[in-house]
$ cat protein.cif   # mmCIF, C-alpha atoms
data_data
#
loop_
_atom_site.label_atom_id
_atom_site.label_comp_id
_atom_site.auth_asym_id
_atom_site.auth_seq_id
_atom_site.Cartn_x
_atom_site.Cartn_y
_atom_site.Cartn_z
CA MET A 1 7.00 9.84 15.79
CA LEU A 2 9.14 6.77 15.13
CA ARG A 3 11.91 6.75 12.53
CA LEU A 4 12.72 3.22 11.45
CA ALA A 5 14.98 1.63 8.86
CA THR A 6 14.78 -1.76 7.25
CA ALA A 7 18.00 -3.69 6.69
CA GLY A 8 19.18 -7.13 5.72
CA SER A 9 20.44 -9.06 2.74
CA VAL A 10 19.03 -8.78 -0.77
CA ASP A 11 15.78 -10.67 -1.46
CA ASP A 12 14.98 -11.05 2.21
CA GLY A 13 11.77 -9.11 1.60
CA LYS A 14 12.40 -5.60 2.91
CA SER A 15 10.39 -3.74 0.28
CA THR A 16 7.56 -6.26 0.47
CA LEU A 17 7.44 -5.88 4.25
CA ILE A 18 7.15 -2.10 4.06
CA GLY A 19 4.58 -2.42 1.31
CA ARG A 20 2.60 -4.84 3.49
CA LEU A 21 2.78 -2.43 6.43
CA LEU A 22 1.44 0.39 4.27
CA TRP A 23 -1.20 -1.76 2.60
CA ASP A 24 -2.60 -3.52 5.66
CA SER A 25 -2.57 -0.37 7.79
CA LYS A 26 -4.59 1.30 5.01
CA SER A 27 -1.92 3.95 4.46
CA VAL A 28 -1.98 3.72 0.67
CA PHE A 29 -3.88 6.24 -1.43
CA GLU A 30 -6.40 4.85 -3.89
CA ASP A 31 -4.42 5.98 -6.93
CA GLN A 32 -1.23 4.41 -5.55
CA ALA A 33 -3.03 1.15 -4.87
CA ALA A 34 -4.56 1.16 -8.35
CA ALA A 35 -1.13 1.83 -9.91
CA VAL A 36 0.46 -1.08 -8.05
CA VAL A 37 -2.38 -3.45 -8.96
CA ASP A 38 -2.20 -2.36 -12.59
CA ALA A 39 1.61 -2.70 -12.75
CA SER A 40 1.43 -6.15 -11.16
CA GLU A 41 -1.23 -7.34 -13.62
CA ARG A 42 0.83 -6.12 -16.56
CA ARG A 43 3.74 -8.15 -15.23
CA GLY A 44 1.49 -11.18 -14.86
CA GLU A 45 1.90 -11.53 -11.12
CA ALA A 46 -0.13 -11.13 -7.94
CA THR A 47 -0.25 -7.69 -6.35
CA ASN A 48 3.41 -6.88 -5.73
CA LEU A 49 3.51 -4.70 -2.62
CA ALA A 50 7.25 -4.07 -3.07
CA LEU A 51 6.29 -1.67 -5.88
CA LEU A 52 5.03 0.73 -3.22
CA THR A 53 8.60 1.37 -2.15
CA ASP A 54 10.79 0.46 -5.14
CA GLY A 55 10.25 3.87 -6.66
CA LEU A 56 13.09 4.02 -9.13
CA ARG A 57 12.54 2.70 -12.64
CA ALA A 58 15.82 0.80 -12.50
CA GLU A 59 14.76 -0.83 -9.26
CA ARG A 60 11.52 -2.04 -10.81
CA GLU A 61 13.38 -3.39 -13.83
CA GLN A 62 15.93 -5.23 -11.73
CA GLY A 63 13.63 -6.13 -8.86
CA ILE A 64 16.02 -4.78 -6.26
CA THR A 65 16.24 -1.73 -4.03
CA ILE A 66 19.07 0.62 -5.02
CA ASP A 67 18.45 3.88 -3.20
CA VAL A 68 17.00 4.65 0.21
CA ALA A 69 13.25 5.01 -0.25
CA TYR A 70 11.51 7.04 2.45
CA ARG A 71 7.84 6.54 3.16
CA TYR A 72 5.57 8.23 5.67
CA PHE A 73 2.49 6.73 7.25
CA ALA A 74 0.47 7.00 10.42
CA THR A 75 -1.81 4.88 12.55
CA PRO A 76 -4.16 6.14 15.27
CA ARG A 77 -1.34 5.55 17.78
CA ARG A 78 1.81 6.89 16.07
CA LYS A 79 3.39 8.51 13.01
CA PHE A 80 6.20 6.73 11.17
CA ILE A 81 9.05 7.59 8.80
CA VAL A 82 10.34 4.44 7.13
CA ALA A 83 13.70 4.22 5.39
CA ASP A 84 13.70 1.22 3.06
CA THR A 85 17.42 0.60 2.52
CA PRO A 86 19.11 -1.62 -0.09
CA GLY A 87 20.49 -5.04 0.75
CA HIS A 88 23.30 -5.38 -1.77
CA VAL A 89 26.81 -5.17 -0.35
CA GLN A 90 27.79 -2.42 -2.82
CA TYR A 91 25.00 -0.22 -1.47
CA THR A 92 25.98 -0.54 2.18
CA ARG A 93 26.57 3.23 2.21
CA ASN A 94 22.84 3.73 1.57
CA MET A 95 21.99 1.43 4.45
CA VAL A 96 24.26 3.48 6.73
CA THR A 97 22.54 6.66 5.55
CA GLY A 98 19.08 5.28 6.29
CA ALA A 99 20.00 3.85 9.69
CA SER A 100 22.04 6.82 10.90
CA THR A 101 18.96 8.77 12.01
CA ALA A 102 16.71 5.83 12.90
CA ASP A 103 15.20 5.11 16.30
CA LEU A 104 14.67 1.48 15.36
CA ALA A 105 16.13 -0.91 12.78
CA VAL A 106 14.27 -3.93 11.41
CA ILE A 107 16.82 -6.57 10.39
CA LEU A 108 15.12 -8.98 8.01
CA VAL A 109 16.31 -12.55 7.68
CA ASP A 110 15.08 -15.16 5.21
CA ALA A 111 14.00 -18.11 7.37
CA ARG A 112 15.34 -20.54 4.76
CA LYS A 113 18.85 -19.04 4.78
CA GLY A 114 19.25 -17.92 8.38
CA LEU A 115 21.81 -15.27 9.30
CA VAL A 116 24.12 -14.56 6.39
CA GLU A 117 27.14 -12.24 6.30
CA GLN A 118 25.14 -9.25 5.11
CA SER A 119 22.59 -9.80 7.91
CA ARG A 120 25.45 -9.71 10.39
CA ARG A 121 27.01 -6.65 8.74
CA HIS A 122 23.75 -4.71 8.87
CA ALA A 123 23.09 -5.78 12.45
CA PHE A 124 26.55 -4.68 13.48
CA LEU A 125 26.27 -1.38 11.61
CA SER A 126 22.93 -0.70 13.29
CA ARG A 127 24.52 -1.38 16.63
CA LEU A 128 27.56 0.71 15.71
CA LEU A 129 25.29 3.58 14.69
CA ARG A 130 23.70 3.34 18.14
CA VAL A 131 20.23 2.67 16.76
CA PRO A 132 18.39 2.35 20.09
CA HIS A 133 16.05 -0.54 19.19
CA LEU A 134 16.57 -3.60 16.99
CA VAL A 135 13.90 -5.92 15.62
CA LEU A 136 14.85 -9.28 14.14
CA ALA A 137 12.13 -10.02 11.57
CA VAL A 138 12.38 -13.68 10.55
CA ASN A 139 10.61 -13.48 7.20
CA LYS A 140 9.26 -16.15 4.83
CA MET A 141 8.27 -18.40 7.71
CA ASP A 142 5.57 -19.83 5.43
CA LEU A 143 8.34 -21.35 3.30
CA VAL A 144 9.70 -23.37 6.25
CA GLY A 145 6.27 -24.62 7.33
CA TRP A 146 6.04 -22.17 10.25
CA ASP A 147 8.66 -24.29 12.03
CA GLU A 148 9.19 -22.91 15.54
CA GLU A 149 12.61 -24.54 15.81
CA VAL A 150 13.84 -22.67 12.74
CA PHE A 151 12.70 -19.38 14.25
CA ARG A 152 14.24 -20.13 17.66
CA ALA A 153 17.58 -21.14 16.11
CA ILE A 154 17.83 -17.89 14.12
CA ALA A 155 16.77 -15.77 17.10
CA SER A 156 19.32 -17.42 19.40
CA ALA A 157 22.10 -16.94 16.84
CA PHE A 158 21.42 -13.21 16.44
CA PRO A 159 24.43 -11.48 18.01
CA PHE A 160 22.64 -8.54 19.67
CA GLU A 161 19.65 -7.93 21.90
CA ALA A 162 16.57 -7.62 19.70
CA THR A 163 12.85 -8.25 19.58
CA ALA A 164 12.39 -11.32 17.36
CA ILE A 165 9.17 -11.72 15.36
CA PRO A 166 8.29 -14.60 12.99
CA LEU A 167 6.38 -13.34 9.96
CA SER A 168 5.50 -13.60 6.30
CA ALA A 169 5.59 -10.21 4.59
CA LEU A 170 4.13 -11.72 1.42
CA HIS A 171 1.00 -13.05 3.15
CA GLY A 172 0.82 -10.52 6.00
CA ASP A 173 1.26 -12.92 8.91
CA ASN A 174 2.33 -11.10 12.11
CA VAL A 175 2.92 -7.88 10.18
CA VAL A 176 -0.17 -5.86 11.12
CA GLU A 177 -2.36 -8.62 12.51
CA ARG A 178 -1.21 -11.58 14.59
CA SER A 179 -1.18 -14.84 12.67
CA ALA A 180 -3.01 -18.07 13.41
CA ASN A 181 -0.08 -19.87 11.77
CA THR A 182 2.17 -19.21 14.77
CA PRO A 183 0.24 -20.47 17.82
CA TRP A 184 3.61 -20.98 19.54
CA TYR A 185 4.41 -17.26 19.30
CA ASP A 186 2.78 -15.05 21.96
CA GLY A 187 4.50 -11.76 21.14
CA PRO A 188 3.16 -8.72 19.27
CA SER A 189 2.81 -8.27 15.55
CA LEU A 190 5.43 -6.04 13.97
CA LEU A 191 3.09 -3.03 13.81
CA GLU A 192 1.97 -3.55 17.42
CA HIS A 193 5.61 -3.48 18.48
CA LEU A 194 6.37 -0.39 16.38
CA GLU A 195 3.40 1.41 17.88
CA SER A 196 4.41 0.65 21.45
CA VAL A 197 8.22 0.84 21.52
CA ASP A 198 9.41 3.66 23.78
CA VAL A 199 11.56 6.20 21.97
CA ALA A 200 10.94 9.19 24.21
CA THR A 201 13.71 8.16 26.60
CA THR A 202 16.22 7.49 23.81
CA HIS A 203 16.19 10.94 22.25
CA HIS A 204 19.40 12.68 23.20
CA ILE A 205 19.12 15.79 25.35
CA GLY A 206 22.63 16.25 26.72
CA ASP A 207 24.78 19.34 26.49
CA ALA A 208 23.82 22.23 24.24
CA ARG A 209 25.37 22.04 20.77
CA PHE A 210 24.59 24.52 18.00
CA PRO A 211 26.74 24.22 14.84
CA VAL A 212 26.57 27.52 12.96
CA GLN A 213 25.36 27.03 9.41
CA HIS A 214 24.92 30.60 8.24
CA VAL A 215 25.52 34.15 9.47
CA ILE A 216 22.56 36.41 8.77
CA ARG A 217 23.30 40.13 8.56
CA ASP A 218 21.12 43.09 7.63
CA HIS A 219 23.16 46.28 7.44
CA ARG A 220 20.04 48.46 7.26
CA THR A 221 18.67 47.30 10.58
CA GLY A 222 21.89 46.11 12.18
CA TYR A 223 20.47 42.60 12.56
CA ARG A 224 23.08 39.89 13.13
CA GLY A 225 22.07 36.31 13.83
CA TYR A 226 23.52 32.83 13.57
CA ALA A 227 21.35 30.26 11.84
CA GLY A 228 21.52 26.52 12.21
CA THR A 229 19.91 23.43 13.68
CA VAL A 230 20.12 22.63 17.38
CA ALA A 231 22.11 19.40 17.49
CA SER A 232 21.45 18.63 21.15
CA GLY A 233 20.50 20.16 24.47
CA VAL A 234 18.27 23.13 25.21
CA LEU A 235 18.93 26.81 24.51
CA ARG A 236 17.13 29.74 26.11
CA PRO A 237 17.53 33.55 26.01
CA GLY A 238 19.85 34.58 28.83
CA ASP A 239 21.90 31.35 28.75
CA GLU A 240 25.65 31.83 28.91
CA VAL A 241 27.31 30.17 25.93
CA GLU A 242 30.80 29.63 24.53
CA VAL A 243 31.79 30.02 20.89
CA LEU A 244 34.22 27.46 19.49
CA PRO A 245 37.01 27.59 18.46
CA SER A 246 37.62 31.10 19.84
CA GLY A 247 36.45 30.20 23.36
CA LEU A 248 34.77 33.60 23.75
CA ARG A 249 31.78 33.66 26.07
CA THR A 250 28.59 35.63 25.77
CA ARG A 251 24.84 35.20 26.35
CA ILE A 252 21.94 34.40 24.11
CA GLU A 253 19.97 37.57 23.60
CA ALA A 254 17.10 36.09 21.60
CA ILE A 255 16.09 33.02 19.60
CA ASP A 256 14.33 33.72 16.29
CA THR A 257 12.35 31.36 14.10
CA TYR A 258 10.36 31.76 10.90
CA ASP A 259 7.25 32.15 13.05
CA GLY A 260 8.84 34.67 15.44
CA PRO A 261 10.90 34.62 18.65
CA VAL A 262 10.71 31.63 20.99
CA ASP A 263 11.67 31.13 24.62
CA THR A 264 13.21 27.67 24.17
CA ALA A 265 15.01 25.83 21.38
CA PHE A 266 15.91 22.15 21.35
CA ALA A 267 16.97 19.47 18.87
CA PRO A 268 16.18 19.32 16.00
CA MET A 269 14.74 22.86 15.76
CA SER A 270 16.08 25.20 13.08
CA VAL A 271 16.56 28.62 14.66
CA THR A 272 18.62 31.80 14.53
CA LEU A 273 20.49 32.88 17.66
CA ARG A 274 21.18 36.50 18.47
CA LEU A 275 24.04 37.00 20.92
CA ALA A 276 24.45 39.77 23.47
CA ASP A 277 28.02 40.66 22.39
CA GLU A 278 29.61 41.18 18.97
CA VAL A 279 31.87 38.12 19.05
CA ASP A 280 33.47 36.66 15.94
CA VAL A 281 31.32 33.76 14.73
CA SER A 282 31.51 32.09 11.30
CA ARG A 283 29.97 29.14 9.48
CA GLY A 284 31.51 25.95 10.88
CA ASP A 285 31.91 27.37 14.38
CA MET A 286 29.90 25.85 17.21
CA ILE A 287 27.99 27.57 20.01
CA VAL A 288 27.91 25.35 23.10
CA GLY A 289 26.64 25.54 26.63
CA VAL A 290 29.11 26.59 29.29
CA GLY A 291 30.29 23.64 31.36
CA GLY A 292 29.67 20.91 28.81
CA ARG A 293 32.39 21.46 26.25
CA PRO A 294 33.05 18.91 23.46
CA ASP A 295 36.59 17.85 22.62
CA VAL A 296 38.36 20.45 20.48
CA THR A 297 40.95 18.38 18.68
CA ASN A 298 42.92 17.87 15.48
CA ASP A 299 43.39 14.14 16.19
CA VAL A 300 40.20 12.12 15.90
CA THR A 301 40.08 8.39 16.61
CA ALA A 302 37.00 6.83 15.11
CA THR A 303 35.37 3.75 13.67
CA VAL A 304 34.95 4.12 9.91
CA CYS A 305 32.76 2.28 7.42
CA TRP A 306 34.60 2.54 4.11
CA MET A 307 32.35 2.91 1.07
CA THR A 308 34.46 3.17 -2.04
CA ASP A 309 36.59 0.90 -4.22
CA GLU A 310 39.80 2.85 -3.61
CA PRO A 311 41.26 1.40 -0.37
CA LEU A 312 41.77 3.54 2.70
CA ARG A 313 45.37 3.45 3.83
CA PRO A 314 47.56 5.36 6.27
CA GLY A 315 48.50 8.60 4.52
CA SER A 316 45.24 8.83 2.52
CA ARG A 317 44.08 12.44 2.18
CA LEU A 318 40.39 13.25 2.51
CA LEU A 319 37.91 15.89 3.55
CA VAL A 320 36.05 15.48 6.83
CA LYS A 321 32.53 16.91 6.94
CA HIS A 322 31.57 17.19 10.60
CA THR A 323 28.38 19.08 11.50
CA THR A 324 28.76 22.32 9.49
CA ARG A 325 32.56 22.26 9.37
CA THR A 326 34.65 20.78 6.56
CA ALA A 327 38.36 20.21 7.13
CA LYS A 328 41.19 18.58 5.25
CA ALA A 329 42.46 15.41 6.89
CA VAL A 330 45.04 12.71 6.54
CA VAL A 331 44.80 9.15 7.86
CA LYS A 332 47.40 9.12 10.61
CA THR A 333 47.07 5.46 11.58
CA LEU A 334 44.93 2.46 10.64
CA ASP A 335 44.62 0.56 13.87
CA GLN A 336 42.48 -2.46 12.97
CA ARG A 337 39.75 -3.93 10.79
CA LEU A 338 36.63 -5.66 12.03
CA ASP A 339 35.85 -9.22 10.95
CA VAL A 340 32.07 -9.01 10.37
CA ALA A 341 31.73 -12.78 10.72
CA THR A 342 33.15 -12.87 14.25
CA PHE A 343 32.96 -9.15 15.21
CA GLU A 344 36.57 -9.46 16.34
CA PRO A 345 39.21 -6.85 15.43
CA VAL A 346 42.02 -8.07 13.19
CA PRO A 347 45.26 -6.37 12.08
CA ALA A 348 44.97 -4.52 8.76
CA THR A 349 47.03 -2.35 6.45
CA GLU A 350 44.06 -1.02 4.47
CA LEU A 351 40.26 -0.91 4.42
CA GLY A 352 38.47 -2.11 1.29
CA LEU A 353 34.93 -1.47 0.10
CA ASN A 354 32.43 -1.97 2.96
CA ASP A 355 35.15 -2.78 5.49
CA ILE A 356 34.77 -1.42 8.99
CA GLY A 357 37.87 -0.36 10.87
CA ARG A 358 39.37 1.92 13.44
CA VAL A 359 41.49 4.85 12.32
CA THR A 360 43.04 8.03 13.66
CA LEU A 361 42.70 11.17 11.53
CA ARG A 362 44.81 14.34 11.72
CA THR A 363 42.71 17.30 10.61
CA ALA A 364 43.96 20.69 9.37
CA GLN A 365 41.35 22.49 11.46
CA PRO A 366 40.13 21.45 14.90
CA LEU A 367 36.83 19.56 15.15
CA PHE A 368 34.41 20.03 18.04
CA ALA A 369 33.46 16.42 18.55
CA ASP A 370 31.66 14.37 21.16
CA ASP A 371 31.98 10.63 21.51
CA TYR A 372 29.37 9.07 19.22
CA ALA A 373 28.09 6.99 22.12
CA GLU A 374 27.23 10.24 23.91
CA ASN A 375 25.94 12.31 21.02
CA ARG A 376 24.99 10.90 17.60
CA ALA A 377 24.70 14.39 16.07
CA THR A 378 28.17 15.69 16.94
CA GLY A 379 29.92 12.30 17.08
CA ALA A 380 29.32 11.43 13.43
CA PHE A 381 31.08 12.59 10.28
CA ILE A 382 31.51 11.64 6.66
CA LEU A 383 34.71 11.30 4.67
CA VAL A 384 34.80 12.84 1.21
CA ASP A 385 37.17 12.21 -1.68
CA GLU A 386 39.09 15.45 -2.03
CA LEU A 387 39.32 15.20 -5.83
CA THR A 388 35.90 13.89 -6.86
CA GLY A 389 33.74 15.18 -4.01
CA ALA A 390 32.20 11.70 -3.65
CA THR A 391 31.32 10.31 -0.23
CA ALA A 392 34.01 7.79 0.66
CA GLY A 393 33.14 6.74 4.19
CA ALA A 394 31.17 7.33 7.35
CA GLY A 395 32.76 7.69 10.75
CA MET A 396 31.78 7.56 14.39
CA VAL A 397 34.05 9.25 16.90
CA GLY A 398 35.36 6.81 19.46
CA ALA A 399 32.72 4.17 18.63
#

$ encode --input "protein.cif" --output "structure tokens"
Amino acid sequence: MLRLATAGSVDDGKSTLIGRLLWDSKSVFEDQAAAVVDASERRGEATNLALLTDGLRAEREQGITIDVAYRYFATPRRKFIVADTPGHVQYTRNMVTGASTADLAVILVDARKGLVEQSRRHAFLSRLLRVPHLVLAVNKMDLVGWDEEVFRAIASAFPFEATAIPLSALHGDNVVERSANTPWYDGPSLLEHLESVDVATTHHIGDARFPVQHVIRDHRTGYRGYAGTVASGVLRPGDEVEVLPSGLRTRIEAIDTYDGPVDTAFAPMSVTLRLADEVDVSRGDMIVGVGGRPDVTNDVTATVCWMTDEPLRPGSRLLVKHTTRTAKAVVKTLDQRLDVATFEPVPATELGLNDIGRVTLRTAQPLFADDYAENRATGAFILVDELTGATAGAGMVGA
């Protein structure tokens, strides 16, 4: 299974590329294909493959991608989950959402325009989110006469290590099949690369982390279990574990699932743990392996992507949602802002919409956090407006 996200500036062809992948890999049902053909004919245009992913009515009317559209498809070699994310600056939060769980990000660039600020922002965010693999898809190569020099210039200017592929999503060149229009390119097509990229070694194993989501009790039978999703590591009956924040230690007595007990649980399995001792455990607590403790702290230094019009300033009060724990927080310091054009930190007194900066938060309750570079599941959090409940930012501990 490969989870991938598309990113890049608006009109660079993200939805068309995903539509082409689905269409040419024959992953479109007959009724879907007929609906797209019919809708395209009514609009007086050739078959518009972007309609396969632009699912919202408003998106079709405006011709842009607003929300994250998830699509599933499979080839004989691999299954895929595709997050088609919006390109507009004001929807950067959606791009972060789509890329946060991706194994691979495809950064599209219009060959005529080259790398623009939004391309750089999305590339940096993908890197910041520790997406293990990046693909630079230089799209619309047909509109620059399949000029190798244009492709090489864009690839050399890309700021991070990535697999660069010249293609035309509209015509299908180098998307599923290799194109005769690029005899100077000897690399794989996009689908060939997606089918072969190694993600097995990038999945985090690490120390055992089990944020408690729900306490299940049955007074008739005396059943008491702690439900949640394994964030990382491996859990087995008999393992000694520690409950945070109390620090009490016990052992796993059994691991239950909907289909019955299991001998092993690992990320991202949803399970219920039964413990050998009656220790105090509540929603928001974390059960961890002994010997690999996360930081238990009220002061969290993190890189934040700010996603709302109201600026973030020192003293701002927010809610931090970290794993299954929600805590009140105040911005203790705003250390710097990142210049997305140069990727250099610059002094700042506030973060505006879509700014990326480094802050230190003081939380009312301790968080059990790992460095994001070590654990994407327990190193990430979101910031919520305390009054409106709206998502205001995304953060990565220590990133």

$ resolve_selection --input "protein.cif" --expression "the PyMOL selection byres ((chain A and resi 337) around 6)" --output "compact mmCIF listing (two decimals) with C-alpha atoms, in the frame of the given file"
# COMPACT_ATOMS: atom_id res chain seq x y z
CA GLN A 336 42.48 -2.46 12.97
CA LEU A 338 36.63 -5.66 12.03
CA PRO A 345 39.21 -6.85 15.43
CA VAL A 346 42.02 -8.07 13.19
CA ALA A 348 44.97 -4.52 8.76
CA ILE A 356 34.77 -1.42 8.99
CA GLY A 357 37.87 -0.36 10.87

$ closest_residue --input "protein.cif" --among "A:Leu4, A:Val281, A:Val230, A:Ala392" --to "Thr378 of chain A" --atoms "all atoms listed in the file"
A:Val230

$ resolve_selection --input "protein.cif" --expression "the PyMOL selection byres ((chain A and resi 307) around 8)" --output "PyMOL selection string"
chain A and resi 92-93+305-306+308-309+352-355+391-394

$ resolve_selection --input "protein.cif" --expression "the PyMOL selection byres ((chain A and resi 251-264) around 6)" --output "ChimeraX atom specification"
/A:235-241,250,265,271-276

$ atom_distance --input "protein.cif" --atom1 "atom CA of Thr342 of chain A" --atom2 "atom CA of Arg127 of chain A"
14.6 Å

$ atom_distance --input "protein.cif" --atom1 "atom CA of Ala164 of chain A" --atom2 "atom CA of Asp339 of chain A"
24.4 Å

$ closest_atom_pairs --input "protein.cif" --of "segment 117-146 of chain A" --to "segment 287-304 of chain A" --cutoff "12 Å" --atoms "all atoms listed in the file" --output "tab-separated table"
residue	atom	partner	partner_atom	distance
A:Leu125	CA	A:Val304	CA	10.4
A:Leu128	CA	A:Thr303	CA	8.6
A:Leu129	CA	A:Thr303	CA	10.1

$ closest_residue --input "protein.cif" --among "A:Leu190, A:Val359, A:Leu367, A:Leu134" --to "Thr326 of chain A" --atoms "only C-alpha atoms"
A:Leu367

$ atom_distance --input "protein.cif" --atom1 "atom CA of His171 of chain A" --atom2 "atom CA of His122 of chain A"
24.9 Å

$ closest_residue --input "protein.cif" --among "A:Glu41, A:Glu117, A:Asp12, A:Glu374" --to "Val340 of chain A" --atoms "all atoms listed in the file"
A:Glu117

$ closest_residue --input "protein.cif" --among "A:Thr47, A:Ser196, A:Ser179, A:Gln213" --to "Arg77 of chain A" --atoms "all atoms listed in the file"
A:Ser196

$ residues_around --input "protein.cif" --residues "Asp173 of chain A" --least-positions-apart "4" --cutoff "12 Å" --atoms "only C-alpha atoms" --output "ChimeraX atom specification"
/A:17,20-21,24,137-142,146,165-169,177-183,185,188-191

$ closest_residue --input "protein.cif" --among "A:Leu248, A:Leu170, A:Leu334, A:Gly19" --to "Ala46 of chain A" --atoms "only C-alpha atoms"
A:Leu170
